[in-house]
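Source file: model.txt (compact mmCIF, C-alpha atoms and all ligand atoms)
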# COMPACT_ATOMS: atom_id res chain seq x y z
CA MET E 1291 14.52 29.06 138.66
CA SER E 1292 16.27 27.31 141.56
CA ASP E 1293 20.07 27.16 141.81
CA PRO E 1294 21.11 24.17 139.65
CA THR E 1295 24.27 23.58 141.71
CA ILE E 1296 22.20 22.70 144.80
CA LYS E 1297 21.42 19.37 143.23
CA GLY E 1298 23.47 19.35 140.08
CA LEU E 1299 26.95 19.59 138.65
CA GLY E 1300 29.23 22.11 140.40
CA PRO E 1301 31.58 24.32 138.34
CA ALA E 1302 34.67 22.53 136.94
CA PRO E 1303 38.11 23.67 138.17
CA THR E 1304 39.09 24.32 134.53
CA SER E 1305 36.97 25.26 131.55
CA TYR E 1306 37.18 22.52 128.97
CA ASP E 1307 37.27 22.95 125.20
CA GLY E 1308 35.26 20.29 123.39
CA SER E 1309 36.66 20.97 119.92
CA PRO E 1310 39.14 18.05 119.80
CA PHE E 1311 36.59 15.45 120.85
CA ARG E 1312 34.25 13.05 119.08
CA ILE E 1313 31.28 12.08 121.20
CA ALA E 1314 28.45 9.59 120.73
CA ILE E 1315 25.05 9.83 122.35
CA VAL E 1316 23.12 6.55 122.56
CA HIS E 1317 19.58 6.92 123.79
CA ALA E 1318 16.68 4.62 124.59
CA ARG E 1319 13.24 5.38 123.11
CA TRP E 1320 11.08 4.47 126.11
CA ASN E 1321 9.51 7.59 127.70
CA ASP E 1322 10.22 9.57 124.57
CA THR E 1323 9.15 13.07 125.70
CA VAL E 1324 11.71 12.98 128.48
CA ILE E 1325 14.35 11.38 126.25
CA GLN E 1326 13.96 13.94 123.46
CA ALA E 1327 14.38 16.84 125.91
CA LEU E 1328 17.46 15.23 127.46
CA VAL E 1329 19.07 14.51 124.08
CA GLN E 1330 18.39 18.04 122.80
CA GLY E 1331 19.77 19.59 126.00
CA CYS E 1332 22.84 17.39 125.74
CA ILE E 1333 23.52 18.24 122.08
CA ALA E 1334 23.04 21.98 122.65
CA LYS E 1335 25.48 21.96 125.57
CA LEU E 1336 28.07 19.90 123.66
CA LYS E 1337 27.98 22.45 120.83
CA SER E 1338 28.14 25.39 123.25
CA ILE E 1339 31.43 24.07 124.66
CA GLY E 1340 33.02 23.61 121.26
CA VAL E 1341 32.21 20.06 120.13
CA LYS E 1342 31.82 20.18 116.35
CA ASP E 1343 28.52 19.15 114.79
CA SER E 1344 30.33 16.56 112.67
CA ASN E 1345 31.82 15.05 115.84
CA ILE E 1346 28.48 14.36 117.52
CA VAL E 1347 26.97 10.99 116.61
CA VAL E 1348 23.46 10.11 117.83
CA LYS E 1349 22.13 6.53 117.88
CA SER E 1350 19.02 5.02 119.42
CA VAL E 1351 18.07 1.67 120.95
CA PRO E 1352 14.63 0.42 122.05
CA GLY E 1353 15.01 0.54 125.84
CA SER E 1354 17.57 1.26 128.54
CA TYR E 1355 18.38 -2.42 128.88
CA GLU E 1356 19.95 -2.25 125.38
CA LEU E 1357 22.28 0.65 126.28
CA PRO E 1358 25.37 -1.20 127.57
CA PHE E 1359 25.66 -3.47 124.52
CA ALA E 1360 25.13 -0.55 122.13
CA CYS E 1361 27.81 1.50 123.89
CA GLN E 1362 30.25 -1.38 123.73
CA ARG E 1363 29.66 -1.90 119.99
CA LEU E 1364 29.97 1.81 119.23
CA ILE E 1365 33.25 2.07 121.09
CA GLU E 1366 34.67 -1.00 119.34
CA GLY E 1367 33.32 0.16 115.97
CA GLY E 1368 34.90 3.59 116.43
CA LYS E 1369 38.28 2.05 117.18
CA THR E 1370 38.11 -0.32 114.18
CA GLN E 1371 36.96 2.43 111.80
CA SER E 1372 39.80 4.64 112.96
CA ALA E 1373 42.39 1.88 112.48
CA LYS E 1374 41.07 1.14 108.95
CA SER E 1375 41.19 4.79 108.05
CA ALA E 1376 44.77 5.11 109.36
CA SER E 1377 45.85 2.11 107.31
CA SER E 1378 44.19 3.45 104.15
CA MET E 1379 45.92 6.82 104.67
CA LEU E 1380 49.22 5.00 105.01
CA SER E 1381 48.65 3.14 101.77
CA SER E 1382 47.71 6.42 99.99
CA THR E 1383 50.91 7.98 101.24
CA THR E 1384 52.91 4.98 100.04
CA ASN E 1385 51.24 5.26 96.61
CA LEU E 1386 51.99 8.96 96.48
CA LEU E 1387 55.65 8.43 97.39
CA SER E 1388 55.86 5.71 94.80
CA LEU E 1389 54.33 8.06 92.19
CA ILE E 1390 56.76 10.86 93.05
CA ASP E 1391 59.58 8.36 92.82
CA SER E 1392 58.45 7.13 89.40
CA VAL E 1393 58.01 10.67 88.03
CA GLY E 1394 61.54 11.55 89.10
CA SER E 1395 63.05 8.37 87.70
CA SER E 1396 64.07 7.75 84.06
CA THR E 1397 62.44 4.28 84.16
CA PRO E 1398 58.94 4.84 85.68
CA LYS E 1399 57.82 2.20 88.16
CA ASP E 1400 54.35 0.64 88.13
CA ALA E 1401 52.84 3.22 90.51
CA THR E 1402 49.19 3.91 91.27
CA SER E 1403 47.54 6.08 88.63
CA PRO E 1404 47.56 9.85 89.27
CA THR E 1405 43.76 9.86 89.40
CA GLN E 1406 43.73 7.28 92.17
CA THR E 1407 46.24 9.20 94.23
CA LYS E 1408 44.41 12.48 93.79
CA GLU E 1409 41.11 10.94 94.88
CA SER E 1410 42.51 9.44 98.04
CA GLN E 1411 44.16 12.74 98.91
CA THR E 1412 41.05 14.84 98.53
CA SER E 1413 38.33 12.57 99.94
CA ALA E 1414 37.37 14.18 103.27
CA GLY E 1415 34.41 12.19 104.61
CA PRO E 1416 32.96 12.28 108.12
CA SER E 1417 35.37 11.93 111.04
CA THR E 1418 36.55 8.39 111.74
CA ALA E 1419 38.38 9.16 114.98
CA PRO E 1420 37.57 6.80 117.86
CA PHE E 1421 34.96 8.16 120.29
CA SER E 1422 36.40 10.19 123.18
CA ALA E 1423 33.30 9.44 125.28
CA ILE E 1424 29.84 7.93 124.99
CA ILE E 1425 26.77 9.37 126.69
CA ALA E 1426 24.13 6.71 127.44
CA ILE E 1427 20.69 8.26 127.89
CA GLY E 1428 17.62 6.45 129.19
CA CYS E 1429 14.65 6.98 131.45
CA LEU E 1430 13.44 4.16 133.69
CA LEU E 1431 10.16 4.64 135.52
CA LYS E 1432 9.10 2.56 138.50
CA GLY E 1433 6.13 0.29 137.77
CA SER E 1434 4.24 -2.12 139.97
CA THR E 1435 6.66 -5.04 139.60
CA MET E 1436 10.37 -5.66 140.26
CA HIS E 1437 11.18 -4.99 136.57
CA PHE E 1438 12.49 -1.48 137.33
CA GLU E 1439 14.94 -2.68 140.00
CA TYR E 1440 16.37 -5.41 137.78
CA ILE E 1441 16.83 -3.15 134.75
CA CYS E 1442 18.31 -0.30 136.82
CA ASP E 1443 20.81 -2.70 138.35
CA ALA E 1444 21.75 -4.39 135.06
CA VAL E 1445 22.14 -1.14 133.14
CA THR E 1446 24.16 0.59 135.86
CA HIS E 1447 26.61 -2.29 136.19
CA GLY E 1448 26.67 -2.90 132.43
CA LEU E 1449 27.63 0.69 131.62
CA MET E 1450 30.31 0.74 134.32
CA ARG E 1451 31.75 -2.50 132.95
CA VAL E 1452 31.84 -1.15 129.40
CA GLN E 1453 33.81 1.94 130.38
CA LEU E 1454 36.30 0.05 132.57
CA ASP E 1455 36.82 -2.70 129.98
CA SER E 1456 37.15 -0.32 127.02
CA GLY E 1457 39.01 2.59 128.62
CA THR E 1458 36.50 4.97 127.02
CA PRO E 1459 34.39 7.06 129.43
CA VAL E 1460 30.70 6.15 129.42
CA ILE E 1461 28.57 8.88 130.95
CA PHE E 1462 25.64 7.60 133.00
CA GLY E 1463 22.68 9.48 131.60
CA VAL E 1464 19.97 7.17 132.86
CA LEU E 1465 17.19 8.66 134.96
CA THR E 1466 15.78 6.13 137.45
CA CYS E 1467 12.59 7.77 138.66
CA MET E 1468 9.70 6.81 140.87
CA THR E 1469 7.24 9.05 138.99
CA GLU E 1470 6.84 10.65 135.58
CA ASP E 1471 6.94 14.11 137.21
CA GLN E 1472 10.38 13.39 138.65
CA ALA E 1473 11.60 12.49 135.15
CA LEU E 1474 10.06 15.58 133.52
CA GLU E 1475 11.71 17.86 136.11
CA ARG E 1476 15.09 16.25 135.43
CA ALA E 1477 14.61 16.85 131.72
CA GLY E 1478 13.82 20.55 132.35
CA ILE E 1479 10.19 20.20 131.30
CA GLY E 1480 8.50 19.87 134.70
CA ARG E 1481 4.75 20.44 134.83
CA LYS E 1482 4.57 21.84 138.37
CA GLY E 1483 5.70 25.48 138.50
CA ASP E 1484 9.48 25.14 138.37
CA LYS E 1485 10.41 23.36 135.13
CA GLY E 1486 13.42 21.78 136.82
CA HIS E 1487 16.83 21.30 135.29
CA ASN E 1488 17.85 19.46 132.13
CA HIS E 1489 20.37 16.83 133.22
CA GLY E 1490 21.36 16.23 129.59
CA GLU E 1491 23.39 19.46 129.85
CA ASP E 1492 25.35 18.08 132.82
CA TRP E 1493 26.07 14.87 130.95
CA ALA E 1494 27.50 16.86 128.03
CA LEU E 1495 29.84 18.71 130.41
CA ALA E 1496 30.83 15.42 132.06
CA ALA E 1497 31.61 13.85 128.66
CA VAL E 1498 33.94 16.68 127.62
CA GLU E 1499 35.61 16.82 131.04
CA ALA E 1500 36.17 13.04 131.05
CA SER E 1501 37.52 13.16 127.47
CA ALA E 1502 39.99 15.89 128.42
CA GLN E 1503 41.06 13.94 131.50
CA VAL E 1504 41.68 10.79 129.49
CA ALA E 1505 43.87 12.84 127.14
CA ASP E 1506 45.74 14.58 130.02
CA TRP E 1507 46.17 11.61 132.33
CA SER E 1508 47.27 9.03 129.73
C1 LIG E 1601 10.10 -3.21 129.28
C2 LIG E 1601 10.47 -1.84 129.77
C3 LIG E 1601 9.73 -1.20 130.78
C4 LIG E 1601 8.58 -1.86 131.45
N1 LIG E 1601 10.03 0.03 131.19
C5 LIG E 1601 11.04 0.68 130.62
C6 LIG E 1601 11.39 1.99 131.05
O1 LIG E 1601 10.76 2.61 131.89
N2 LIG E 1601 12.44 2.59 130.43
C7 LIG E 1601 13.21 1.97 129.48
O2 LIG E 1601 14.17 2.56 128.99
N3 LIG E 1601 12.88 0.72 129.06
C8 LIG E 1601 11.85 0.08 129.59
N4 LIG E 1601 11.52 -1.18 129.17
C9 LIG E 1601 12.25 -1.76 128.01
C10 LIG E 1601 13.57 -2.47 128.37
O3 LIG E 1601 14.57 -1.54 128.69
C11 LIG E 1601 14.06 -3.33 127.18
O4 LIG E 1601 14.06 -2.54 126.01
C12 LIG E 1601 13.19 -4.55 126.91
O5 LIG E 1601 13.04 -5.31 128.06
C13 LIG E 1601 13.81 -5.42 125.78
O6 LIG E 1601 15.10 -5.89 126.16
What does this structure look like when you write it as structure tokens?
Ligand code: DLZ
Amino acid sequence: MSDPTIKGLGPAPTSYDGSPFRIAIVHARWNDTVIQALVQGCIAKLKSIGVKDSNIVVKSVPGSYELPFACQRLIEGGKTQSAKSASSMLSSTTNLLSLIDSVGSSTPKDATSPTQTKESQTSAGPSTAPFSAIIAIGCLLKGSTMHFEYICDAVTHGLMRVQLDSGTPVIFGVLTCMTEDQALERAGIGRKGDKGHNHGEDWALAAVEASAQVADWS
């Protein structure tokens, strides 16, 4: 196996702990063999650096062209969900305080029923924290027309715009390859001798590093 740092991610100055972060992977379904290998490599690496299973969300879109819009919606959705959940927690707390107040008072107030309060205290569904980072995964292969160039350009600029506009890191996990063999090698499933290196692993590391930097540098 060749040295992955020759043409890959060098070691980070710090080792990052992924356990506080919630990360979404959005992948295209074109060139599925390559995509599946990249997504699996990415998930395995995220877990190996501490990201909890429940904090990894995977969504798919038809092709790479759909990635920027999907990333934007996921980021916005994550923020809205988190705000709703915070406001419902606040109202549960208010109900609880009101209940405690009414129990301690000689003239009970019209507080929420004990059952209601207990339910809202104990319901622990999936995480609703906003996403710390999004990893956009796609594989564009050069064909005989200009289609490839236009999609590569649109997706690259679209993903950059989404991260700058939203303030949430969007990791560029889009392979733009001239041949299928180039894509297979970059997914770690090369057919010619050396299997290559799975870039999905690098994107997982980049997502956790970027998430930690957003937290540190804010
Ligand atoms: C149409 C198309 C083509 C020709 N090639 C690819 C590709 O190699 N990789 C990829 O992710 N998507 C491809 N697509 C689909 C477009 O990205 C997009 O899904 C459609 O044009 C619909 O908007």
Within 10 Å of E:Arg1481, counting only C-alpha atoms, which residues show up once you throw out same-chain ones fewer than 4 positions away? Write them as a list in words, please.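 Residues near the query, excluding close chain neighbours: Asp1471, Gln1472, Leu1474, Glu1475, Lys1485 and Gly1486 of chain E.
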Please provide the set of residues having any atom within 12 Å of stretch 1333-1338 of chain E, restricted to all atoms listed in the file, with same-chain residues fewer than 6 positions apart removed, written as a PyMOL selection string. chain E and resi 1306-1316+1326-1327+1344-1348+1423+1425+1427+1488-1499
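The closest residue to ligand LIG 1601 (chain E), picked from E:Phe1421, E:Phe1438, E:Trp1507, E:Phe1359 and counting all atoms listed in the file, is E:Phe1438.
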Using only C-alpha atoms, determine which residues lie at most 7 Å from E:Val1351, disregarding the query and same-chain residues fewer than 2 positions distant; provide the list as a count of residues only. 6
Edge lengths and centre, in Å to one decimal, as AutoDock Vina command-line options: that's what I need for the box along x, y and z that holds all listed atoms of ligand LIG 1601 (chain E) plus 6 Å on each side.
--center_x 11.8 --center_y -1.6 --center_z 128.8 --size_x 18.5 --size_y 20.5 --size_z 18.1
As a quick test: using all atoms listed in the file, which residues lie no more than 6 Å away from ligand LIG 1601 (chain E)? Give them as a short mmCIF file (atom, residue, chain, number, x, y, z; two decimals) with C-alpha atoms, in the coordinates of the input.
data_model
loop_
_atom_site.label_atom_id
_atom_site.label_comp_id
_atom_site.auth_asym_id
_atom_site.auth_seq_id
_atom_site.Cartn_x
_atom_site.Cartn_y
_atom_site.Cartn_z
CA ALA E 1318 16.68 4.62 124.59
CA TRP E 1320 11.08 4.47 126.11
CA PRO E 1352 14.63 0.42 122.05
CA GLY E 1353 15.01 0.54 125.84
CA SER E 1354 17.57 1.26 128.54
CA TYR E 1355 18.38 -2.42 128.88
CA GLU E 1356 19.95 -2.25 125.38
CA GLY E 1428 17.62 6.45 129.19
CA CYS E 1429 14.65 6.98 131.45
CA LEU E 1430 13.44 4.16 133.69
CA LEU E 1431 10.16 4.64 135.52
#
How far is it from atom CA of E:Val1445 to atom CA of E:Ala1505, in Å with one decimal?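 Distance reported for this atom pair: 26.5 Å.
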For E:Gly1457, the nearest of the candidates E:Ser1434, E:Ser1378, E:Thr1304, E:Gln1362, counting all atoms listed in the file: E:Gln1362
What is the distance, in Å and to one decimal place, between atom CA of E:Arg1363 and atom CA of E:Gly1463?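 We find that atom CA of E:Arg1363 and atom CA of E:Gly1463 lie 17.7 Å from each other.
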